[in-house]
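Worksheet: the structure to be examined is printed underneath.
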Amino acid sequence: MSSSPYPRLRIGFVTSTDPLNRRSWSGVHYSIFKALERNLGDVVALGPVNMRLPFALGDRLNSWLIKPLTGKRYQYGSSLAVARWYAWVFGRKLARQRFDLLVAPASFTEIAYLRTEVPIVYIEDSTLTQLIDFYPGLSGLLGASKAELHHLEHKALTQASLVCYSSEWAAQSARQDYGAPAAKLAVIPFGSNYPYPPTRQQALRHEPAADGTCRLFLLGGEWLRKGGPIAYDTMVALQQRGIPATLTVVGCAPPDPENYANPGFRTIPFLNMGVAADQAALSELFSTADFFLMPSRAECAAIAFCDANAFGLPVYTTDVGGISSFVQQGVNGYMLPLAATGQDFAQHMQHVLANPAQYRQLREQSRQQYESTLNWDQWTAQLIGALQQRQLLPALQA
């Protein structure tokens, strides 16, 4: 049931993947879909689009021809041909139904050539300029492929009536690198994807370990990009300072485990949220940890920060990418410079741990940040405000 006082809208959800699959865009598609259903209108998934055969052909062309000849690869999944195909597929679906609004999260290829009079909300956590030759999935590309990607992003930004970025870092790139008008852009941080967050009382029930151990927790899928080596060094540095410390990492592991033999360190390669025992294990880790530590090397919008704050768990991270829109310095965590070492993190943590009142306040503020900002219902409320401000939803006007 909608919490909005306005009439419910009919919303088309434009993604080439299945938005109800929790793995689609790391669960962000699912969370946005459900939040829109709760708060704004009836949402219709216009995807998925079956691209198995053309994408299989693209894989073969890359591995058999393009890579051997050029040493590069072609990003066929976001190409002009695929964009035009998506426009045809979604155009046919739109012709058969009436919508008040189209929502397109991480779907620049899907909307680049889409012809419609319905307002489009394009949602992203970065621009391609910020990712190309930086993130592994968008490195080593042909020059022609890079040109197509930039062209499609520019088209998507032109097509959209409203562009919602999760951080000011991303919005600034859209203005500077693509000439997107500021009036079209809104910055709304994403929310927690955690399926069963604790109550406020449960979140703030945390007790320090009886033996004084500082329990560090990292959740992420890429060991190096998430700063795994620095997190490990932080644990070791705390131990060297006389503070018993452990580090649990879920979702990734070092490629050279022989170099990480400290008994306080453990990895859990994967936890399935669809399995009750795994869900309980993850909740236990969030509940018992003293700090969520993820000294990222590159980050657009780490949903794990929002999940941590749902448990009242303060975050330690780096000031890189879009993180500053999620972590408020000294409020729900701390951002250290990208050059910070494990010793730097350990020193800062030691200072906080030495002041129990400061630490308790940090936990309370972390939970408050989740309740006031880092959840999807708040995200939707800000989206509604942005749409009304731009008069994109006349039916919503009081």
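By convention here, the chains of the structure tokens are called A, B, ... in the order presented, each chain's residues are numbered starting at 1, and ligands are numbered starting at 1 in the order presented.
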Enumerate, as number ranges by chain, the complete set of residues in stretch 21-136 of chain A that a backbone-based DSSP assignment places in strand (DSSP E). A: 41-45, 101-105, 120-124
Take the residues just selected and output them with N, CA and C atoms as a compact mmCIF listing (two decimals), in the first residue's frame.
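Result saved to result26.txt:
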```
# COMPACT_ATOMS: atom_id res chain seq x y z
N GLY A 41 3.49 3.89 -7.07
CA GLY A 41 2.55 3.42 -8.07
C GLY A 41 2.66 1.96 -8.39
N ASP A 42 1.98 1.56 -9.44
CA ASP A 42 2.01 0.19 -9.93
C ASP A 42 3.14 0.07 -10.94
N VAL A 43 4.08 -0.82 -10.68
CA VAL A 43 5.29 -0.91 -11.48
C VAL A 43 5.23 -2.15 -12.37
N VAL A 44 5.53 -1.95 -13.64
CA VAL A 44 5.53 -3.03 -14.62
C VAL A 44 6.95 -3.24 -15.14
N ALA A 45 7.48 -4.44 -14.97
CA ALA A 45 8.81 -4.75 -15.49
C ALA A 45 8.74 -4.93 -17.01
N LEU A 101 5.12 7.23 -16.15
CA LEU A 101 6.54 7.46 -15.87
C LEU A 101 7.32 6.22 -16.25
N LEU A 102 8.52 6.42 -16.78
CA LEU A 102 9.45 5.33 -17.04
C LEU A 102 10.65 5.50 -16.12
N VAL A 103 11.08 4.44 -15.48
CA VAL A 103 12.24 4.45 -14.60
C VAL A 103 13.28 3.51 -15.18
N ALA A 104 14.49 4.02 -15.38
CA ALA A 104 15.53 3.25 -16.07
C ALA A 104 16.82 3.26 -15.25
N PRO A 105 16.97 2.34 -14.31
CA PRO A 105 18.19 2.29 -13.50
C PRO A 105 19.33 1.57 -14.23
N ILE A 120 11.18 10.06 -18.63
CA ILE A 120 12.11 9.00 -18.25
C ILE A 120 12.96 9.48 -17.07
N VAL A 121 13.04 8.65 -16.03
CA VAL A 121 13.97 8.88 -14.93
C VAL A 121 15.13 7.92 -15.09
N TYR A 122 16.29 8.45 -15.35
CA TYR A 122 17.50 7.64 -15.52
C TYR A 122 18.27 7.67 -14.21
N ILE A 123 18.63 6.50 -13.70
CA ILE A 123 19.25 6.37 -12.38
C ILE A 123 20.62 5.74 -12.53
N GLU A 124 21.64 6.35 -11.92
CA GLU A 124 23.00 5.80 -12.04
C GLU A 124 23.82 6.12 -10.79
```
Which of stretch 87-238 of chain A counts as alpha helix (DSSP H) under DSSP, as a PyMOL selection string please? chain A and resi 87-95+108-111+128-131+143-159+168-178+200-203+228-238
Filtering to C-alpha atoms, could you give me those residues as a PDB file, in the first residue's frame?
```pdb
ATOM      1  CA  ALA A  87      14.740   0.721 -28.568  1.00  0.00           C
ATOM      2  CA  TRP A  88      12.695  -1.478 -30.895  1.00  0.00           C
ATOM      3  CA  VAL A  89      11.880  -4.055 -28.203  1.00  0.00           C
ATOM      4  CA  PHE A  90      10.884  -1.532 -25.535  1.00  0.00           C
ATOM      5  CA  GLY A  91       9.154   0.678 -28.084  1.00  0.00           C
ATOM      6  CA  ARG A  92       6.816  -2.183 -29.002  1.00  0.00           C
ATOM      7  CA  LYS A  93       6.038  -2.833 -25.347  1.00  0.00           C
ATOM      8  CA  LEU A  94       5.324   0.844 -24.693  1.00  0.00           C
ATOM      9  CA  ALA A  95       2.978   1.000 -27.679  1.00  0.00           C
ATOM     10  CA  PHE A 108      21.748   3.972 -20.652  1.00  0.00           C
ATOM     11  CA  THR A 109      21.906   1.500 -23.540  1.00  0.00           C
ATOM     12  CA  GLU A 110      18.227   0.646 -23.157  1.00  0.00           C
ATOM     13  CA  ILE A 111      16.972   4.253 -23.365  1.00  0.00           C
ATOM     14  CA  LEU A 128      31.183   6.157 -18.072  1.00  0.00           C
ATOM     15  CA  THR A 129      33.982   8.709 -18.020  1.00  0.00           C
ATOM     16  CA  GLN A 130      34.583   7.712 -14.400  1.00  0.00           C
ATOM     17  CA  LEU A 131      34.669   3.991 -15.241  1.00  0.00           C
ATOM     18  CA  GLY A 143      38.765   3.119 -29.264  1.00  0.00           C
ATOM     19  CA  ALA A 144      35.615   2.689 -31.354  1.00  0.00           C
ATOM     20  CA  SER A 145      33.913   0.926 -28.459  1.00  0.00           C
ATOM     21  CA  LYS A 146      34.784   3.756 -26.060  1.00  0.00           C
ATOM     22  CA  ALA A 147      33.378   6.264 -28.542  1.00  0.00           C
ATOM     23  CA  GLU A 148      30.126   4.302 -28.761  1.00  0.00           C
ATOM     24  CA  LEU A 149      29.828   4.147 -24.973  1.00  0.00           C
ATOM     25  CA  HIS A 150      30.256   7.899 -24.594  1.00  0.00           C
ATOM     26  CA  HIS A 151      27.789   8.514 -27.420  1.00  0.00           C
ATOM     27  CA  LEU A 152      25.169   6.275 -25.814  1.00  0.00           C
ATOM     28  CA  GLU A 153      25.596   7.885 -22.410  1.00  0.00           C
ATOM     29  CA  HIS A 154      25.201  11.342 -23.927  1.00  0.00           C
ATOM     30  CA  LYS A 155      22.060  10.169 -25.728  1.00  0.00           C
ATOM     31  CA  ALA A 156      20.643   8.693 -22.513  1.00  0.00           C
ATOM     32  CA  LEU A 157      21.282  11.910 -20.596  1.00  0.00           C
ATOM     33  CA  THR A 158      19.543  13.854 -23.358  1.00  0.00           C
ATOM     34  CA  GLN A 159      16.576  11.456 -23.437  1.00  0.00           C
ATOM     35  CA  GLU A 168      27.601  14.490  -6.108  1.00  0.00           C
ATOM     36  CA  TRP A 169      30.807  12.943  -7.506  1.00  0.00           C
ATOM     37  CA  ALA A 170      28.812  11.314 -10.319  1.00  0.00           C
ATOM     38  CA  ALA A 171      26.584  14.338 -10.912  1.00  0.00           C
ATOM     39  CA  GLN A 172      29.622  16.594 -11.265  1.00  0.00           C
ATOM     40  CA  SER A 173      31.013  14.328 -13.975  1.00  0.00           C
ATOM     41  CA  ALA A 174      27.696  14.425 -15.832  1.00  0.00           C
ATOM     42  CA  ARG A 175      27.818  18.227 -15.840  1.00  0.00           C
ATOM     43  CA  GLN A 176      31.481  18.561 -16.713  1.00  0.00           C
ATOM     44  CA  ASP A 177      32.069  15.598 -19.036  1.00  0.00           C
ATOM     45  CA  TYR A 178      28.715  15.364 -20.828  1.00  0.00           C
ATOM     46  CA  ARG A 200      16.536   0.334  16.079  1.00  0.00           C
ATOM     47  CA  GLN A 201      16.525  -1.378  19.487  1.00  0.00           C
ATOM     48  CA  GLN A 202      18.139  -4.503  18.062  1.00  0.00           C
ATOM     49  CA  ALA A 203      20.727  -2.491  16.142  1.00  0.00           C
ATOM     50  CA  GLY A 228      41.455  -6.124   1.341  1.00  0.00           C
ATOM     51  CA  PRO A 229      45.237  -5.872   1.894  1.00  0.00           C
ATOM     52  CA  ILE A 230      44.864  -2.592   3.808  1.00  0.00           C
ATOM     53  CA  ALA A 231      42.046  -4.021   5.913  1.00  0.00           C
ATOM     54  CA  TYR A 232      44.306  -6.948   6.812  1.00  0.00           C
ATOM     55  CA  ASP A 233      47.156  -4.576   7.650  1.00  0.00           C
ATOM     56  CA  THR A 234      44.762  -2.626   9.904  1.00  0.00           C
ATOM     57  CA  MET A 235      43.991  -5.755  11.901  1.00  0.00           C
ATOM     58  CA  VAL A 236      47.695  -6.531  12.274  1.00  0.00           C
ATOM     59  CA  ALA A 237      48.463  -2.932  13.274  1.00  0.00           C
ATOM     60  CA  LEU A 238      45.798  -3.039  15.981  1.00  0.00           C
TER      61      LEU A 238
END
```
Distance criterion (only C-alpha atoms): nearest to A:Leu353 out of A:Arg205, A:Arg215, A:Lys34, A:Arg297: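 For A:Leu353, the nearest of the given residues is A:Arg215.
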Which neighbours of stretch 312-321 of chain A fall inside 7 Å, counting only C-alpha atoms, when residues of the same chain fewer than 3 positions from it are skipped, and could you give them as a list of chain:residue names?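 After dropping sequence-adjacent residues, the list is A:Trp169, A:Ala203, A:Leu204, A:Asp290, A:Phe291, A:Phe292, A:Leu293, A:Met294, A:Pro295, A:Ser296, A:Ala298, A:Glu299, A:Cys300, A:Phe305, A:Ala308, A:Asn309, A:Ser324, A:Asn332, A:Gly333, A:Tyr334, A:Met335, A:Leu336, A:Pro337, A:Leu338, A:Leu362, A:Arg363, A:Glu364, A:Ser366, A:Arg367.
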From the options A:Ala180, A:Ala340, A:Val187, A:Leu219, which residue's atoms come nearest to A:Trp379, counting only C-alpha atoms? A:Val187
Taking only C-alpha atoms into account, which of A:Ile243, A:Ala280, A:Arg360, A:Pro197 comes nearest A:Cys306?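 Smallest separation from A:Cys306 among the options: A:Pro197.
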Selection: 12 Å around stretch 274-279 of chain A, only C-alpha atoms, excl. self and same-chain fewer than 6 positions, as a count of residues only: 11
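The space separating atom CA of A:Phe270 from atom CA of A:Asp256 comes to 17.9 Å.
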Point-to-point distance from atom CA of A:Ser31 to atom CA of A:Thr380, Å rounded to tenths: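 Atom CA of A:Ser31 sits 10.5 Å away from atom CA of A:Thr380.
Across A:Arg60, A:Asp307, A:Ser107, A:Arg84, the tightest approach to A:Pro19 is made by A:Ser107 when counting only C-alpha atoms.
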Can you pull out the residues contacting A:Leu46? Cut-off 7 Å, using only C-alpha atoms, and skip same-chain residues under 2 positions away; I want them as a list in words. Gly12, Phe13, Val14, Thr15, Val44 and Pro48 of chain A
Could you write out the selected residues, including N, CA and C atoms, as a tab-separated table (two decimals), in the first residue's frame?
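Result saved to selection_4.tsv:
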```tsv
chain	number	residue	atom	x	y	z
A	12	GLY	N	6.60	2.23	-15.81
A	12	GLY	CA	7.31	1.22	-16.60
A	12	GLY	C	8.76	1.15	-16.15
A	13	PHE	N	9.24	-0.04	-15.85
A	13	PHE	CA	10.60	-0.25	-15.35
A	13	PHE	C	11.45	-0.78	-16.49
A	14	VAL	N	12.36	0.07	-16.99
A	14	VAL	CA	13.11	-0.24	-18.21
A	14	VAL	C	14.49	-0.79	-17.84
A	15	THR	N	14.63	-2.11	-17.93
A	15	THR	CA	15.92	-2.78	-17.74
A	15	THR	C	15.96	-3.98	-18.69
A	44	VAL	N	5.53	-1.95	-13.64
A	44	VAL	CA	5.53	-3.03	-14.62
A	44	VAL	C	6.95	-3.24	-15.14
A	48	PRO	N	12.93	-8.93	-18.56
A	48	PRO	CA	14.22	-8.94	-19.26
A	48	PRO	C	14.07	-9.07	-20.78
```
